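Take a look at the structure below.
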Amino acid sequence: MSLDSVLARIDQDMPQAINRLLDLLRIPSISTDPAFADHCQTAADWLVADLQSLGVTAEKRQTPGHPMVVGHIDGPAEASGPHLLFYGHYDVQPVDPLDLWDRDPFDPALEDTAAGQVIRGRGSSDDKGQLMTFVEACRAWKAEYGVLPCKITFFFEGEEESGSPSLVPFMQENTEELTTDIALICDTGLFESAVPAITTMLRGLLGEDFTITGPDRDLHSGMYGGIAMNPIRVLNKILAGLHDDTGAVTLPGFYDDVPELPDDVRAQWQGLGFDHGKFLGDVGLTGAAGEQDRTPLEQIWSRPTCDVNGIWGGYTGDGFKTVLPSQASAKVSFRLVGQQDPDKIREAFRTYLEENLPDGFSVEYRTEKGAPASQMSIDDPAFEKARKALTNEWPRPAAYVGCGGSIPIAGYFKDILGVDAMLIGFGRDDDQIHSPNEKYDVESFHKGTRSWARILDALTR
């Protein structure tokens with residue numbers, strides 16, 4: 001099989017591929033709003049029909065929430081390549097505030113911009129456009145040779161934007177069917193909108209939402225000020241003590257399970273030429289606030305964090321209500337790396353908090369379960385094959401990168417299926433995902449499709 005003919009087919013059929021994507025984008029598959037439940041069913045049906053047109057044995061699987069789409073197709077009889085699973089999600093974010101959109105978010109269109117042509121519409125980048133890059137690469141292979149280069153399982157969900165409540169139970173119930181040699185996920189982007197990347201590190205997440213209570217009611221500050229301990233004062237001291245002067249987190253044992261970054265990975269990251277001054281300057285900041293002995297990309301990708309996401313208490317309306325409030329509350333989140341255990345970090349945080357409460361004070365927690373970090377082993381030769389394939393498509397060499405955020409599905413593949421995942425995406429920083437006027441560059445869609453064709457070729461040689 002010649003890769004060149006597949007790439008030529010992708011180039012030739014790109015107008016039709018864009019039209020198919022526009023059709024999918026017209027379906028308002030907003031997963032978090034029950035009013036759009038029927039549209040989520042429609043989007044799943046659309047994908048089933050599209051996969052079936054490629055010869056994939058595909059079907060819609062109902063869940064307590066929105067349906068999954070699962071499809072299977074064999075490669076050539078003599079194929080010796082890996083069995084791949086490709087994951088994407090067809091649900092999208094709500095479109096509010098609607099008045100900030102320049103056009104109907106579900107009336108997608110091509111637009112010419114100063115940076116090139118874009119596909120404008122909700123879901124164009126997150127994640128329908130990304131999902132369809134892989135499907136279109138498969139379509140080109142099938143059109144040229146009547147068969148895909150290896151065995152592939154397609155797995156699309158419809159609840160990613162609403163917390164994926166049905167995902168883990170579905171994977172647990174269908175483990176044997178979904179287990180493959182490696183998983184592919186297209187829900188990430190190019191590094192700094194230019195460098196093709198394989199994300200190999202994802203930080204985990206733990207959140208603590210709590211309220212400290214002191215006196216049994218709000219107190220008049222003229223009568224009680226000075227003699228009574230103020231819960232806001234207590235809370236401020238506790239939160240301020242979470243970091244030392246170097247930016248390190250002070251919780252005992254916090255760094256016990258944090259691995260050091262390998263020298264070769266650190267060198268590769270340094271070679272990316274990341275301009276942290278511009279990165280911070282773009283949001284009106286100067287100077288990094290994290291651990292002072294770590295590089296900026298380490299701070300974002302491979303080091304754990306502790307951040308206060310919200311704090312409130314007392315009177316916050318116009319004017320003054322001179323009280324010592326009965327309660328003060330905060331939300332604190334931790335981004336986790338390596339083998340950090342969310343339960344262990346939670347215990348350490350609560351112990352710290354409770355040890356610093358004055359006598360007579362109490363604390364109440366409102367917390368959801370945390371998720372550990374995910375780290376993919378690049379010892380598998382498939383990762384380097386994919387990296388070289390990406391390099392052959394883009395002007396700049398592809399890199400292994402980290403991700404400061406959390407993409408739980410990668411961890412689920414590892415924990416439930418025992419499968420490592422490659423996270424490869426083609427979004428750009430200005431795609432405005434989750435925001436009004438979301439877009440996906442035509443170049444990202446085109447070169448993303450070509451990239452998957454190259455990766456399929458590389459993984460099956």
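Ordering of the structure tokens sets the chain letters (A, B, ...); residue numbers start at 1 within each chain; ligands are numbered from 1 in the order shown.
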Polymer residues at most 12 Å from Thr57 of chain A, only C-alpha atoms, same-chain spacing of 3 or more positions, as an mmCIF file with C-alpha atoms, in the first residue's frame:
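So the final result, stored in out_25.cif, reads:
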```cif
data_model
loop_
_atom_site.group_PDB
_atom_site.id
_atom_site.type_symbol
_atom_site.label_atom_id
_atom_site.label_comp_id
_atom_site.auth_asym_id
_atom_site.auth_seq_id
_atom_site.Cartn_x
_atom_site.Cartn_y
_atom_site.Cartn_z
ATOM 1 C CA LEU A 47 -21.740 8.714 13.216
ATOM 2 C CA VAL A 48 -23.011 5.132 13.078
ATOM 3 C CA ALA A 49 -24.199 5.665 9.506
ATOM 4 C CA ASP A 50 -20.935 7.331 8.512
ATOM 5 C CA LEU A 51 -18.825 4.514 9.951
ATOM 6 C CA GLN A 52 -21.043 1.929 8.286
ATOM 7 C CA SER A 53 -20.411 3.636 4.950
ATOM 8 C CA LEU A 54 -16.729 2.696 5.462
ATOM 9 C CA LYS A 60 -25.342 2.893 18.867
ATOM 10 C CA VAL A 69 -20.970 4.644 19.376
ATOM 11 C CA VAL A 70 -18.856 1.513 18.989
ATOM 12 C CA GLY A 71 -17.522 0.152 15.704
ATOM 13 C CA HIS A 72 -15.086 -2.519 14.583
ATOM 14 C CA ILE A 73 -13.311 -3.219 11.319
ATOM 15 C CA ASP A 74 -10.583 -5.680 10.405
ATOM 16 C CA LYS A 151 -7.757 -3.670 12.810
ATOM 17 C CA ILE A 152 -9.473 -0.624 14.327
ATOM 18 C CA THR A 153 -12.096 -0.134 17.033
ATOM 19 C CA PHE A 154 -13.969 3.189 17.055
ATOM 20 C CA PHE A 155 -15.284 4.439 20.398
#
```
Checklist entry - Counting only C-alpha atoms, what is within 7 Å of Thr460 of chain A, bar same-chain residues fewer than 3 positions away, as a count of residues only? => result 6
Checklist entry - Using only C-alpha atoms, which residues sit within 7 Å of segment 157-170 of chain A once same-chain residues fewer than 3 positions away are excluded, as a list in words? => result Ser31, Thr32, Cys40, Thr63, Pro64, Gly65, His66, Pro67, Met68, Val69, Gly88, His89, Tyr90, Asp91, Val92, Gln93, Glu173 and Asn174 of chain A
Interface rows for segment 285-347 of chain A against segment 220-237 of chain A: nearest pair, Å to one decimal, 6 Å, only C-alpha atoms, as CSV:
```
residue,atom,partner,partner_atom,distance
A:Thr322,CA,A:Ser221,CA,5.6
A:Val323,CA,A:His220,CA,4.8
A:Leu324,CA,A:Ser221,CA,5.7
A:Gln327,CA,A:Pro231,CA,5.8
A:Ala328,CA,A:Ile232,CA,5.3
```
Next on the checklist: What's the separation between atom CA of Val442 of chain A and atom CA of Leu148 of chain A, in Å to one decimal place?
Outcome noted: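 So the two atoms, atom CA of Val442 of chain A and atom CA of Leu148 of chain A, lie 24.6 Å apart.
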When DSSP is applied to the backbone of this structure, which of segment 159-383 of chain A are assigned strand (DSSP E)? Write them out as a compact mmCIF listing (two decimals) with C-alpha atoms, in the first residue's frame.
```
# COMPACT_ATOMS: atom_id res chain seq x y z
CA ILE A 182 -2.98 0.99 21.90
CA ALA A 183 -5.53 3.81 22.09
CA LEU A 184 -5.56 7.03 20.08
CA ILE A 185 -7.23 10.20 21.36
CA ALA A 197 2.73 17.03 19.69
CA ILE A 198 2.05 13.75 21.42
CA THR A 199 0.87 14.39 24.96
CA THR A 200 2.39 11.84 27.32
CA MET A 201 1.72 13.44 30.72
CA LEU A 202 -1.62 14.55 32.12
CA GLY A 204 -4.65 14.57 37.89
CA LEU A 205 -7.11 16.68 39.84
CA LEU A 206 -8.41 16.94 43.41
CA GLY A 207 -10.78 19.58 44.69
CA GLU A 208 -11.70 20.54 48.25
CA ASP A 209 -14.74 22.74 48.91
CA PHE A 210 -15.08 23.54 52.61
CA THR A 211 -16.58 25.91 55.17
CA ILE A 212 -15.07 26.92 58.50
CA THR A 213 -17.50 27.81 61.28
CA LEU A 219 -21.21 39.08 65.43
CA HIS A 220 -21.28 42.88 65.71
CA THR A 305 0.08 22.54 42.18
CA CYS A 306 -2.19 23.87 44.88
CA ASP A 307 -4.49 26.77 44.02
CA VAL A 308 -7.27 28.66 45.75
CA ASN A 309 -10.11 28.84 43.23
CA GLY A 310 -12.65 30.70 45.33
CA ILE A 311 -12.98 32.35 48.75
CA TRP A 312 -15.97 33.98 50.42
CA GLY A 313 -17.46 34.97 53.76
CA VAL A 323 -19.87 41.97 61.26
CA LEU A 324 -17.52 39.17 62.14
CA GLN A 327 -18.47 31.23 58.55
CA ALA A 328 -15.80 31.50 55.86
CA SER A 329 -15.50 29.21 52.83
CA ALA A 330 -13.02 28.36 50.12
CA LYS A 331 -12.44 26.05 47.17
CA VAL A 332 -8.92 24.66 46.82
CA SER A 333 -7.75 22.47 43.94
CA PHE A 334 -4.65 20.34 43.46
CA ARG A 335 -3.18 19.31 40.11
CA LEU A 336 -1.43 15.99 40.66
CA SER A 362 -15.30 23.30 63.04
CA VAL A 363 -15.05 22.51 59.33
CA GLU A 364 -17.50 20.95 56.86
CA TYR A 365 -16.40 19.48 53.51
CA ARG A 366 -18.24 19.25 50.20
CA SER A 374 -1.77 9.77 33.81
CA GLN A 375 1.63 9.15 32.28
```
Checklist entry - Leaving out Ser5 of chain A and any residue of its chain fewer than 6 positions from it, which residues lie within 9 Å of it when counting only C-alpha atoms, given as JSON, numbers by chain? => result {"A": [140, 141, 144]}
Next on the checklist: Here is a test: counting only C-alpha atoms, which residue of A:Thr175, A:Glu443, A:Met422, A:Asp181 is nearest to Tyr87 of chain A?
Outcome noted: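 Ranked by minimum distance to Tyr87 of chain A, first place goes to A:Met422.
Straight-line separation from atom CA of Val258 of chain A to atom CA of Ser302 of chain A: 8.7 Å.
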Checklist entry - What does the distance between atom CA of Arg266 of chain A and atom CA of Gly418 of chain A come to in Å, to one decimal place? => result 27.1 Å
Next on the checklist: Give me, as a PyMOL selection string, the residues of segment 251-306 of chain A that a backbone DSSP run labels alpha helix (DSSP H).
Outcome noted: chain A and resi 263-270+276-281+296-301
Item to check | segment 390-396 of chain A environment, 9 Å, only C-alpha atoms, sequence neighbours closer than 6 positions dropped, as a list in words | outcome: Ala194, Val195, Pro196, Ala197, Lys447, Gly448, Arg450, Ser451, Trp452, Arg454 and Ile455 of chain A
Item to check | Ser444 of chain A surroundings by only C-alpha atoms, 10 Å radius, close-in-sequence under 4 positions cut, as a PyMOL selection string | outcome: chain A and resi 118-119+125+129-130+133+189-190+193+425-428+440+448-451
Can you spit out the residues from that selection as a CSV table (one decimal), in the first residue's frame, using N, CA and C atoms?
```
chain,number,residue,atom,x,y,z
A,118,VAL,N,-11.0,29.2,8.2
A,118,VAL,CA,-11.4,28.5,9.4
A,118,VAL,C,-12.8,27.9,9.2
A,119,ILE,N,-13.1,26.9,10.0
A,119,ILE,CA,-14.5,26.3,10.0
A,119,ILE,C,-15.1,26.8,11.3
A,125,SER,N,-13.8,22.5,16.8
A,125,SER,CA,-12.5,22.1,17.3
A,125,SER,C,-12.6,21.0,18.4
A,129,GLY,N,-14.5,18.2,14.9
A,129,GLY,CA,-13.5,18.4,13.8
A,129,GLY,C,-12.3,17.5,14.0
A,130,GLN,N,-11.9,17.4,15.3
A,130,GLN,CA,-10.8,16.5,15.6
A,130,GLN,C,-11.1,15.0,15.4
A,133,THR,N,-11.0,14.0,11.7
A,133,THR,CA,-9.7,13.9,11.0
A,133,THR,C,-9.4,12.4,10.9
A,189,GLY,N,-4.0,19.6,21.2
A,189,GLY,CA,-3.7,20.6,20.2
A,189,GLY,C,-2.2,20.6,19.9
A,190,LEU,N,-1.9,21.5,19.0
A,190,LEU,CA,-0.5,21.8,18.6
A,190,LEU,C,0.1,22.6,19.7
A,193,SER,N,0.3,26.4,19.0
A,193,SER,CA,-0.4,26.5,17.7
A,193,SER,C,0.5,26.1,16.5
A,425,GLY,N,-3.5,15.8,18.8
A,425,GLY,CA,-4.6,16.7,18.3
A,425,GLY,C,-4.0,17.9,17.5
A,426,PHE,N,-4.9,18.6,16.9
A,426,PHE,CA,-4.4,19.6,15.9
A,426,PHE,C,-5.1,21.0,16.2
A,427,GLY,N,-5.7,21.1,17.4
A,427,GLY,CA,-6.3,22.4,17.8
A,427,GLY,C,-5.3,23.4,17.9
A,428,ARG,N,-5.7,24.7,17.9
A,428,ARG,CA,-4.8,25.8,18.1
A,428,ARG,C,-5.3,26.6,19.3
A,440,TYR,N,-12.1,26.0,13.9
A,440,TYR,CA,-11.1,25.0,13.7
A,440,TYR,C,-10.5,25.4,12.3
A,448,GLY,N,-4.3,17.5,9.8
A,448,GLY,CA,-4.6,16.5,10.8
A,448,GLY,C,-5.0,15.2,10.2
A,449,THR,N,-5.8,15.3,9.1
A,449,THR,CA,-6.3,14.1,8.4
A,449,THR,C,-5.0,13.4,7.8
A,450,ARG,N,-4.2,14.2,7.1
A,450,ARG,CA,-3.0,13.6,6.6
A,450,ARG,C,-2.1,13.0,7.6
A,451,SER,N,-2.0,13.7,8.8
A,451,SER,CA,-1.2,13.2,9.9
A,451,SER,C,-1.6,11.8,10.3
```
Checklist entry - With only C-alpha atoms as the atoms that count, which of A:Gly214, A:Gly55, A:Asp431, A:Pro342 lies nearest to Leu357 of chain A? => result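 The closest residue to Leu357 of chain A is A:Gly214.
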